[in-house]
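Visitor: Provided below: model-v5.pdb, containing PDB, C-alpha atoms, pLDDT in the B column.
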ATOM      1  CA  MET V  14       0.000   0.000   0.000  1.00 65.00           C
ATOM      2  CA  MET V  15       2.791   2.384   0.925  1.00 66.00           C
ATOM      3  CA  ASP V  16       4.542   1.645  -2.394  1.00 72.00           C
ATOM      4  CA  ILE V  17       1.396   2.581  -4.319  1.00 78.00           C
ATOM      5  CA  ILE V  18       1.086   5.864  -2.406  1.00 78.00           C
ATOM      6  CA  VAL V  19       4.711   6.732  -3.145  1.00 72.00           C
ATOM      7  CA  ILE V  20       4.233   5.941  -6.833  1.00 78.00           C
ATOM      8  CA  LEU V  21       1.069   8.066  -6.971  1.00 73.00           C
ATOM      9  CA  ILE V  22       2.891  10.962  -5.312  1.00 76.00           C
ATOM     10  CA  LEU V  23       5.752  10.690  -7.793  1.00 79.00           C
ATOM     11  CA  VAL V  24       3.361  10.525 -10.742  1.00 79.00           C
ATOM     12  CA  ALA V  25       1.466  13.540  -9.438  1.00 81.00           C
ATOM     13  CA  ALA V  26       4.737  15.465  -9.001  1.00 74.00           C
ATOM     14  CA  VAL V  27       5.829  14.644 -12.564  1.00 78.00           C
ATOM     15  CA  VAL V  28       2.433  15.616 -14.003  1.00 81.00           C
ATOM     16  CA  LEU V  29       2.510  18.888 -12.050  1.00 78.00           C
ATOM     17  CA  ALA V  30       6.055  19.647 -13.226  1.00 74.00           C
ATOM     18  CA  VAL V  31       5.168  18.925 -16.864  1.00 81.00           C
ATOM     19  CA  ALA V  32       2.033  21.047 -16.624  1.00 81.00           C
ATOM     20  CA  ARG V  33       4.006  23.897 -15.108  1.00 77.00           C
ATOM     21  CA  LEU V  34       6.664  23.589 -17.843  1.00 78.00           C
ATOM     22  CA  ILE V  35       3.998  23.720 -20.547  1.00 79.00           C
ATOM     23  CA  TYR V  36       2.461  26.791 -18.907  1.00 73.00           C
ATOM     24  CA  VAL V  37       5.820  28.621 -18.713  1.00 72.00           C
ATOM     25  CA  LEU V  38       6.734  27.762 -22.321  1.00 73.00           C
ATOM     26  CA  HIS V  39       3.276  28.857 -23.459  1.00 71.00           C
ATOM     27  CA  SER V  40       3.690  32.197 -21.700  1.00 78.00           C
ATOM     28  CA  ILE V  41       7.108  32.603 -23.331  1.00 77.00           C
ATOM     29  CA  HIS V  42       5.768  31.842 -26.805  1.00 75.00           C
ATOM     30  CA  GLN V  43       2.914  34.316 -26.362  1.00 77.00           C
ATOM     31  CA  GLY V  44       5.486  37.047 -26.922  1.00 67.00           C
ATOM     32  CA  LEU V  45       3.882  39.268 -24.308  1.00 63.00           C
ATOM     33  CA  PRO V  46       5.680  42.557 -23.617  1.00 66.00           C
ATOM     34  CA  LEU V  47       7.930  42.596 -20.602  1.00 63.00           C
ATOM     35  CA  ILE V  48       6.280  44.176 -17.569  1.00 60.00           C
ATOM     36  CA  LEU V  49       9.640  45.451 -16.396  1.00 66.00           C
ATOM     37  CA  SER V  50       8.882  48.945 -17.672  1.00 63.00           C
ATOM     38  CA  HIS V  51       6.535  49.358 -14.699  1.00 68.00           C
ATOM     39  CA  HIS V  52       9.307  48.630 -12.226  1.00 71.00           C
ATOM     40  CA  LYS V  53      11.258  51.463 -10.678  1.00 85.00           C
ATOM     41  CA  THR V  54      14.432  49.414 -10.832  1.00 91.00           C
ATOM     42  CA  VAL V  55      15.190  46.157 -12.617  1.00 92.00           C
ATOM     43  CA  LYS V  56      17.834  43.808 -11.267  1.00 95.00           C
ATOM     44  CA  THR V  57      19.650  42.823 -14.443  1.00 96.00           C
ATOM     45  CA  LEU V  58      22.003  39.927 -15.027  1.00 97.00           C
ATOM     46  CA  VAL V  59      24.346  40.461 -17.984  1.00 97.00           C
ATOM     47  CA  VAL V  60      26.175  37.480 -19.476  1.00 96.00           C
ATOM     48  CA  LEU V  61      29.501  38.387 -21.070  1.00 94.00           C
ATOM     49  CA  GLY V  62      30.621  35.780 -23.557  1.00 83.00           C
ATOM     50  CA  SER V  63      34.186  37.053 -24.127  1.00 81.00           C
ATOM     51  CA  GLY V  64      35.725  38.542 -27.257  1.00 84.00           C
ATOM     52  CA  GLY V  65      33.366  40.102 -29.766  1.00 89.00           C
ATOM     53  CA  HIS V  66      30.355  38.937 -27.778  1.00 91.00           C
ATOM     54  CA  THR V  67      31.505  40.978 -24.798  1.00 93.00           C
ATOM     55  CA  VAL V  68      32.069  44.056 -26.970  1.00 93.00           C
ATOM     56  CA  GLU V  69      28.574  43.810 -28.468  1.00 95.00           C
ATOM     57  CA  MET V  70      26.877  43.198 -25.133  1.00 95.00           C
ATOM     58  CA  LEU V  71      28.640  46.036 -23.373  1.00 95.00           C
ATOM     59  CA  LYS V  72      27.635  48.427 -26.161  1.00 95.00           C
ATOM     60  CA  MET V  73      24.024  47.529 -25.440  1.00 95.00           C
ATOM     61  CA  VAL V  74      24.522  47.787 -21.675  1.00 96.00           C
ATOM     62  CA  ALA V  75      26.115  51.219 -22.067  1.00 95.00           C
ATOM     63  CA  ALA V  76      22.873  52.408 -23.698  1.00 93.00           C
ATOM     64  CA  LEU V  77      20.767  51.384 -20.677  1.00 93.00           C
ATOM     65  CA  ASN V  78      19.608  53.726 -17.958  1.00 92.00           C
ATOM     66  CA  PRO V  79      21.942  52.767 -15.073  1.00 94.00           C
ATOM     67  CA  LYS V  80      19.490  54.026 -12.464  1.00 93.00           C
ATOM     68  CA  LYS V  81      16.657  51.839 -13.733  1.00 93.00           C
ATOM     69  CA  TYR V  82      18.627  48.708 -14.643  1.00 94.00           C
ATOM     70  CA  ASN V  83      20.101  48.396 -11.207  1.00 94.00           C
ATOM     71  CA  PRO V  84      21.739  46.545  -9.581  1.00 95.00           C
ATOM     72  CA  ARG V  85      23.643  44.880 -12.406  1.00 97.00           C
ATOM     73  CA  VAL V  86      25.117  41.402 -12.103  1.00 97.00           C
ATOM     74  CA  TYR V  87      27.827  40.679 -14.665  1.00 97.00           C
ATOM     75  CA  VAL V  88      28.671  37.042 -15.301  1.00 96.00           C
ATOM     76  CA  VAL V  89      32.020  36.156 -16.881  1.00 94.00           C
ATOM     77  CA  ALA V  90      33.745  32.855 -17.605  1.00 90.00           C
ATOM     78  CA  ASP V  91      36.556  31.832 -15.281  1.00 86.00           C
ATOM     79  CA  THR V  92      39.120  31.820 -18.099  1.00 84.00           C
ATOM     80  CA  ASP V  93      38.018  35.194 -19.485  1.00 86.00           C
ATOM     81  CA  LYS V  94      40.510  37.823 -18.339  1.00 83.00           C
ATOM     82  CA  ILE V  95      39.415  40.609 -20.693  1.00 90.00           C
ATOM     83  CA  SER V  96      35.672  40.985 -20.063  1.00 92.00           C
ATOM     84  CA  ASN V  97      36.159  42.053 -16.446  1.00 89.00           C
ATOM     85  CA  LYS V  98      38.349  44.977 -17.541  1.00 92.00           C
ATOM     86  CA  LYS V  99      35.906  46.031 -20.242  1.00 94.00           C
ATOM     87  CA  LEU V 100      32.860  45.968 -17.975  1.00 94.00           C
ATOM     88  CA  LEU V 101      34.691  48.201 -15.516  1.00 94.00           C
ATOM     89  CA  GLN V 102      35.061  50.746 -18.321  1.00 94.00           C
ATOM     90  CA  VAL V 103      31.298  50.723 -18.830  1.00 95.00           C
ATOM     91  CA  GLU V 104      30.719  51.161 -15.106  1.00 95.00           C
ATOM     92  CA  GLU V 105      33.120  54.104 -15.126  1.00 94.00           C
ATOM     93  CA  HIS V 106      30.967  55.557 -17.911  1.00 91.00           C
ATOM     94  CA  PHE V 107      27.953  55.218 -15.585  1.00 93.00           C
ATOM     95  CA  LYS V 108      29.840  57.336 -13.025  1.00 90.00           C
ATOM     96  CA  GLY V 109      28.759  55.319 -10.034  1.00 88.00           C
ATOM     97  CA  GLU V 110      25.036  55.348 -10.834  1.00 91.00           C
ATOM     98  CA  GLY V 111      23.619  52.111  -9.516  1.00 90.00           C
ATOM     99  CA  GLN V 112      25.451  49.122  -8.104  1.00 94.00           C
ATOM    100  CA  PHE V 113      27.131  46.167  -9.773  1.00 96.00           C
ATOM    101  CA  VAL V 114      28.790  42.885  -8.898  1.00 96.00           C
ATOM    102  CA  VAL V 115      30.760  40.372 -10.945  1.00 96.00           C
ATOM    103  CA  GLU V 116      30.153  36.626 -10.782  1.00 96.00           C
ATOM    104  CA  VAL V 117      32.363  33.940 -12.327  1.00 93.00           C
ATOM    105  CA  VAL V 118      31.183  30.699 -13.918  1.00 91.00           C
ATOM    106  CA  PRO V 119      33.148  27.811 -15.439  1.00 86.00           C
ATOM    107  CA  ARG V 120      33.087  27.576 -19.215  1.00 77.00           C
ATOM    108  CA  THR V 121      30.773  24.984 -20.652  1.00 71.00           C
ATOM    109  CA  ARG V 122      33.301  24.035 -23.304  1.00 65.00           C
ATOM    110  CA  GLU V 123      36.786  25.171 -24.225  1.00 62.00           C
ATOM    111  CA  VAL V 124      37.973  25.321 -27.821  1.00 60.00           C
ATOM    112  CA  GLY V 125      38.989  21.819 -28.899  1.00 60.00           C
ATOM    113  CA  GLN V 126      37.446  20.116 -25.868  1.00 63.00           C
ATOM    114  CA  SER V 127      35.814  16.760 -26.555  1.00 66.00           C
ATOM    115  CA  TRP V 128      32.045  16.468 -26.461  1.00 62.00           C
ATOM    116  CA  VAL V 129      32.270  13.735 -23.810  1.00 63.00           C
ATOM    117  CA  THR V 130      34.105  15.897 -21.281  1.00 67.00           C
ATOM    118  CA  SER V 131      31.955  18.859 -22.316  1.00 70.00           C
ATOM    119  CA  ALA V 132      28.945  17.100 -20.792  1.00 73.00           C
ATOM    120  CA  PHE V 133      30.613  17.186 -17.374  1.00 77.00           C
ATOM    121  CA  THR V 134      31.819  20.785 -17.638  1.00 78.00           C
ATOM    122  CA  THR V 135      28.358  21.859 -18.808  1.00 79.00           C
ATOM    123  CA  LEU V 136      26.779  20.137 -15.786  1.00 85.00           C
ATOM    124  CA  HIS V 137      29.262  21.914 -13.518  1.00 86.00           C
ATOM    125  CA  ALA V 138      28.437  25.243 -15.160  1.00 86.00           C
ATOM    126  CA  LEU V 139      24.717  24.569 -14.730  1.00 87.00           C
ATOM    127  CA  VAL V 140      25.109  23.958 -10.987  1.00 91.00           C
ATOM    128  CA  VAL V 141      27.132  27.158 -10.539  1.00 93.00           C
ATOM    129  CA  SER V 142      24.590  29.045 -12.653  1.00 92.00           C
ATOM    130  CA  PHE V 143      21.770  27.821 -10.400  1.00 92.00           C
ATOM    131  CA  VAL V 144      23.608  29.142  -7.351  1.00 94.00           C
ATOM    132  CA  ILE V 145      24.113  32.557  -8.969  1.00 95.00           C
ATOM    133  CA  LEU V 146      20.490  32.776 -10.100  1.00 95.00           C
ATOM    134  CA  VAL V 147      19.104  31.826  -6.685  1.00 94.00           C
ATOM    135  CA  ARG V 148      21.484  34.217  -4.935  1.00 95.00           C
ATOM    136  CA  HIS V 149      20.605  37.250  -7.072  1.00 96.00           C
ATOM    137  CA  ARG V 150      17.153  36.415  -8.473  1.00 94.00           C
ATOM    138  CA  PRO V 151      17.411  38.808 -11.434  1.00 95.00           C
ATOM    139  CA  ALA V 152      14.280  40.149 -13.071  1.00 92.00           C
ATOM    140  CA  LEU V 153      16.011  40.399 -16.463  1.00 94.00           C
ATOM    141  CA  ILE V 154      18.745  38.323 -18.096  1.00 96.00           C
ATOM    142  CA  LEU V 155      20.578  39.734 -21.116  1.00 96.00           C
ATOM    143  CA  ALA V 156      22.603  37.321 -23.253  1.00 96.00           C
ATOM    144  CA  ASN V 157      24.099  37.134 -26.720  1.00 93.00           C
ATOM    145  CA  GLY V 158      26.170  33.960 -26.519  1.00 76.00           C
ATOM    146  CA  PRO V 159      28.381  31.995 -26.688  1.00 76.00           C
ATOM    147  CA  GLY V 160      27.983  28.847 -24.595  1.00 76.00           C
ATOM    148  CA  THR V 161      28.484  30.577 -21.245  1.00 85.00           C
ATOM    149  CA  CYS V 162      24.945  31.947 -21.397  1.00 91.00           C
ATOM    150  CA  VAL V 163      23.177  28.630 -22.073  1.00 91.00           C
ATOM    151  CA  PRO V 164      23.295  27.183 -18.510  1.00 91.00           C
ATOM    152  CA  LEU V 165      22.243  30.544 -17.059  1.00 93.00           C
ATOM    153  CA  CYS V 166      19.282  31.011 -19.399  1.00 94.00           C
ATOM    154  CA  ALA V 167      18.195  27.372 -19.172  1.00 92.00           C
ATOM    155  CA  GLY V 168      18.587  27.498 -15.405  1.00 92.00           C
ATOM    156  CA  ALA V 169      16.446  30.637 -15.253  1.00 93.00           C
ATOM    157  CA  VAL V 170      13.629  28.853 -17.082  1.00 92.00           C
ATOM    158  CA  MET V 171      13.917  25.832 -14.759  1.00 91.00           C
ATOM    159  CA  LEU V 172      13.704  28.071 -11.693  1.00 90.00           C
ATOM    160  CA  ARG V 173      10.743  29.837 -13.259  1.00 90.00           C
ATOM    161  CA  VAL V 174       9.019  26.475 -13.657  1.00 89.00           C
ATOM    162  CA  LEU V 175       9.699  25.779  -9.981  1.00 88.00           C
ATOM    163  CA  GLY V 176       8.332  29.204  -9.052  1.00 85.00           C
ATOM    164  CA  VAL V 177      11.625  30.281  -7.468  1.00 86.00           C
ATOM    165  CA  THR V 178      12.262  33.377  -9.565  1.00 82.00           C
ATOM    166  CA  PRO V 179      10.389  34.975 -12.515  1.00 82.00           C
ATOM    167  CA  SER V 180      13.464  35.950 -14.524  1.00 89.00           C
ATOM    168  CA  ARG V 181      12.834  36.998 -18.113  1.00 91.00           C
ATOM    169  CA  VAL V 182      15.410  36.054 -20.760  1.00 95.00           C
ATOM    170  CA  VAL V 183      16.279  38.425 -23.613  1.00 95.00           C
ATOM    171  CA  PHE V 184      18.689  36.999 -26.184  1.00 96.00           C
ATOM    172  CA  VAL V 185      20.333  39.180 -28.831  1.00 96.00           C
ATOM    173  CA  GLU V 186      21.962  37.253 -31.670  1.00 96.00           C
ATOM    174  CA  SER V 187      25.428  38.449 -32.604  1.00 93.00           C
ATOM    175  CA  LEU V 188      25.830  40.867 -35.494  1.00 93.00           C
ATOM    176  CA  CYS V 189      28.120  38.372 -37.236  1.00 92.00           C
ATOM    177  CA  ARG V 190      25.275  35.861 -37.587  1.00 94.00           C
ATOM    178  CA  VAL V 191      24.005  36.902 -41.011  1.00 94.00           C
ATOM    179  CA  ARG V 192      22.475  33.738 -42.505  1.00 93.00           C
ATOM    180  CA  SER V 193      21.972  31.361 -39.596  1.00 95.00           C
ATOM    181  CA  LEU V 194      21.646  31.379 -35.833  1.00 95.00           C
ATOM    182  CA  SER V 195      24.534  30.502 -33.569  1.00 94.00           C
ATOM    183  CA  LEU V 196      24.456  27.233 -31.640  1.00 90.00           C
ATOM    184  CA  SER V 197      23.542  29.155 -28.488  1.00 92.00           C
ATOM    185  CA  GLY V 198      20.836  30.981 -30.424  1.00 95.00           C
ATOM    186  CA  ARG V 199      19.327  27.731 -31.714  1.00 95.00           C
ATOM    187  CA  ILE V 200      19.277  26.289 -28.198  1.00 94.00           C
ATOM    188  CA  LEU V 201      17.789  29.380 -26.550  1.00 95.00           C
ATOM    189  CA  TYR V 202      15.373  30.409 -29.310  1.00 95.00           C
ATOM    190  CA  PRO V 203      12.487  28.302 -27.886  1.00 94.00           C
ATOM    191  CA  ILE V 204      12.975  29.447 -24.283  1.00 93.00           C
ATOM    192  CA  SER V 205      13.810  33.151 -24.629  1.00 94.00           C
ATOM    193  CA  ASP V 206      11.050  35.604 -23.749  1.00 92.00           C
ATOM    194  CA  HIS V 207      12.367  37.931 -26.439  1.00 93.00           C
ATOM    195  CA  PHE V 208      14.781  36.932 -29.188  1.00 96.00           C
ATOM    196  CA  PHE V 209      16.423  39.636 -31.315  1.00 96.00           C
ATOM    197  CA  VAL V 210      18.370  39.259 -34.556  1.00 96.00           C
ATOM    198  CA  GLN V 211      20.319  41.939 -36.378  1.00 95.00           C
ATOM    199  CA  TRP V 212      19.698  40.817 -39.950  1.00 96.00           C
ATOM    200  CA  PRO V 213      16.138  40.718 -41.380  1.00 96.00           C
ATOM    201  CA  GLN V 214      16.589  37.449 -43.294  1.00 96.00           C
ATOM    202  CA  LEU V 215      16.976  35.558 -40.015  1.00 96.00           C
ATOM    203  CA  THR V 216      13.303  36.155 -39.215  1.00 96.00           C
ATOM    204  CA  ILE V 217      12.171  34.127 -42.255  1.00 95.00           C
ATOM    205  CA  ASN V 218      12.747  30.763 -40.604  1.00 94.00           C
ATOM    206  CA  HIS V 219      12.445  32.078 -37.057  1.00 95.00           C
ATOM    207  CA  PRO V 220       9.095  33.881 -36.746  1.00 93.00           C
ATOM    208  CA  ARG V 221       9.523  34.538 -33.026  1.00 92.00           C
ATOM    209  CA  ALA V 222      12.652  36.574 -33.704  1.00 95.00           C
ATOM    210  CA  HIS V 223      12.453  40.364 -33.689  1.00 93.00           C
ATOM    211  CA  TYR V 224      14.423  42.526 -36.097  1.00 95.00           C
ATOM    212  CA  ASN V 225      14.808  46.128 -34.975  1.00 91.00           C
ATOM    213  CA  GLY V 226      17.864  46.987 -37.021  1.00 88.00           C
ATOM    214  CA  ARG V 227      21.414  46.935 -35.711  1.00 86.00           C
ATOM    215  CA  LEU V 228      21.577  47.009 -31.946  1.00 86.00           C
ATOM    216  CA  VAL V 229      25.352  47.351 -31.669  1.00 79.00           C
TER     217      VAL V 229
END
Here is a file; write its structure as structure tokens.
Guide:
Amino acid sequence: MMDIIVILILVAAVVLAVARLIYVLHSIHQGLPLILSHHKTVKTLVVLGSGGHTVEMLKMVAALNPKKYNPRVYVVADTDKISNKKLLQVEEHFKGEGQFVVEVVPRTREVGQSWVTSAFTTLHALVVSFVILVRHRPALILANGPGTCVPLCAGAVMLRVLGVTPSRVVFVESLCRVRSLSLSGRILYPISDHFFVQWPQLTINHPRAHYNGRLV
């Protein structure tokens, strides 16, 4: 009898989790406008993907109102030594308006790393991402790739399913992606609340994508 009760509880938990996942994905695919404009301040998590990705993202961050998008949580990969210096330049541009912190995550995959070992490093990155998300509970997550942003964005959706935090994910595809989405873009396209591309032809096969011209 006890075994049957346990099984029923497990089945009910799985059904509830699936139903909640369907509800969250449905709300994402509705393409509803973000309600963040009604908030006085918006805790914003910014994922810096290193190299050109960091340059593009920081150009977009520099255009934000630092008083409204505050505090800001920057996330950089543990092997990325350049992004931290560049984000400090943006914060100097803000002249101390608002607060910011920097969090470090392990890379999901290094260049040349095998796909087998990548599974373990990705799992490690996902666990660290969960900790960061629970600690800060951002209202908005800004990402433009590469792989560093995938565990954070996926983790945000998982926590949203669990009702822990209602983070909204905004993904901006890199300017260099002219004819096809990046791997990160293809993974996050179904679970991003808003997905922006910078070339109009990318919206042909991706109807949920928004094209508002060049953003960087």
Visitor: Please expand the PyMOL selection byres ((chain V and resi 150-156) around 7) into the concrete residues it hits in this file, giving the result as a ChimeraX atom specification.
Guide: /V:55-60,146-149,157-158,162,178-185
Visitor: If the PyMOL selection byres ((chain V and resi 113) around 6) is run on the structure shown, which residues does it catch, given as a PDB file with C-alpha atoms, in the frame of the given file?
Guide:
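Produced file selection_35.pdb, reproduced below:
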ATOM      1  CA  PRO V  84      21.739  46.545  -9.581  1.00 95.00           C
ATOM      2  CA  ARG V  85      23.643  44.880 -12.406  1.00 97.00           C
ATOM      3  CA  VAL V  86      25.117  41.402 -12.103  1.00 97.00           C
ATOM      4  CA  GLN V 112      25.451  49.122  -8.104  1.00 94.00           C
ATOM      5  CA  VAL V 114      28.790  42.885  -8.898  1.00 96.00           C
TER       6      VAL V 114
END
Visitor: If the PyMOL selection byres ((chain V and resi 222-227) around 8) were run on this exact file, what residues would it hold? Put them as a VMD selection string.
Guide: chain V and resid 188 207 to 213 215 to 216 219 to 221 228 to 229
Visitor: At what distance in Å, to one decimal, does CA of Val37 (chain V) lie from CA of Val117 (chain V)?
Guide: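 Taking CA of Val117 (chain V) as the start and CA of Val37 (chain V) as the end point, the length is 27.8 Å.
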Visitor: When you look at Lys81 (chain V) with a cut-off of 8 Å (counting all atoms listed in the file), what residues show up, excluding the ones that are within fewer than 2 positions of it in the same chain? I need them as a PyMOL selection string.
Guide: chain V and resi 53-55+78-79+83
Visitor: Suppose we keep C-alpha atoms; can you now write the selection as a PDB file, in the coordinates of the input?
Guide:
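Result written to out-v3.pdb:
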ATOM      1  CA  LYS V  53      11.258  51.463 -10.678  1.00 85.00           C
ATOM      2  CA  THR V  54      14.432  49.414 -10.832  1.00 91.00           C
ATOM      3  CA  VAL V  55      15.190  46.157 -12.617  1.00 92.00           C
ATOM      4  CA  ASN V  78      19.608  53.726 -17.958  1.00 92.00           C
ATOM      5  CA  PRO V  79      21.942  52.767 -15.073  1.00 94.00           C
ATOM      6  CA  ASN V  83      20.101  48.396 -11.207  1.00 94.00           C
TER       7      ASN V  83
END
Visitor: Can you measure CA of Tyr36 (chain V) to CA of Leu175 (chain V) for me? One decimal in Å is fine.
Guide: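 Those two atoms sit 11.5 Å apart.
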Visitor: Just give me the residues with any atom within 12 Å of (31.1, 41.0, -25.5), file coordinates, counting all atoms listed in the file, written as a PyMOL selection string.
Guide: chain V and resi 59-75+87-90+93+95-100+103+155-159+161-162+185-188+229
Visitor: At what distance in Å, to one decimal, does CA of Gly176 (chain V) lie from CA of Ile35 (chain V)?
Guide: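 So the two atoms, CA of Ile35 (chain V) and CA of Gly176 (chain V), lie 13.5 Å apart.
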Visitor: When you count all atoms listed in the file, which of these residues is closest to Pro203 (chain V): V:His39, V:Gly160, V:Val115, V:Ala132?
Guide: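 Of V:His39, V:Gly160, V:Val115, V:Ala132, the one nearest Pro203 (chain V) is V:His39, counting all atoms listed in the file.
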Visitor: Of the candidates V:Asp16, V:Leu29, V:Val177, V:Ile41, which one gets nearest to Ser205 (chain V) if we count all atoms listed in the file?
Guide: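 Looking at the shortest contact to Ser205 (chain V), the residue is V:Ile41.
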Visitor: Would you please work out which residue, of V:Leu196, V:Val31, V:Leu165, V:Leu101, is nearest to Val118 (chain V) when using all atoms listed in the file?
Guide: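 Smallest distance to Val118 (chain V) is found for V:Leu165.
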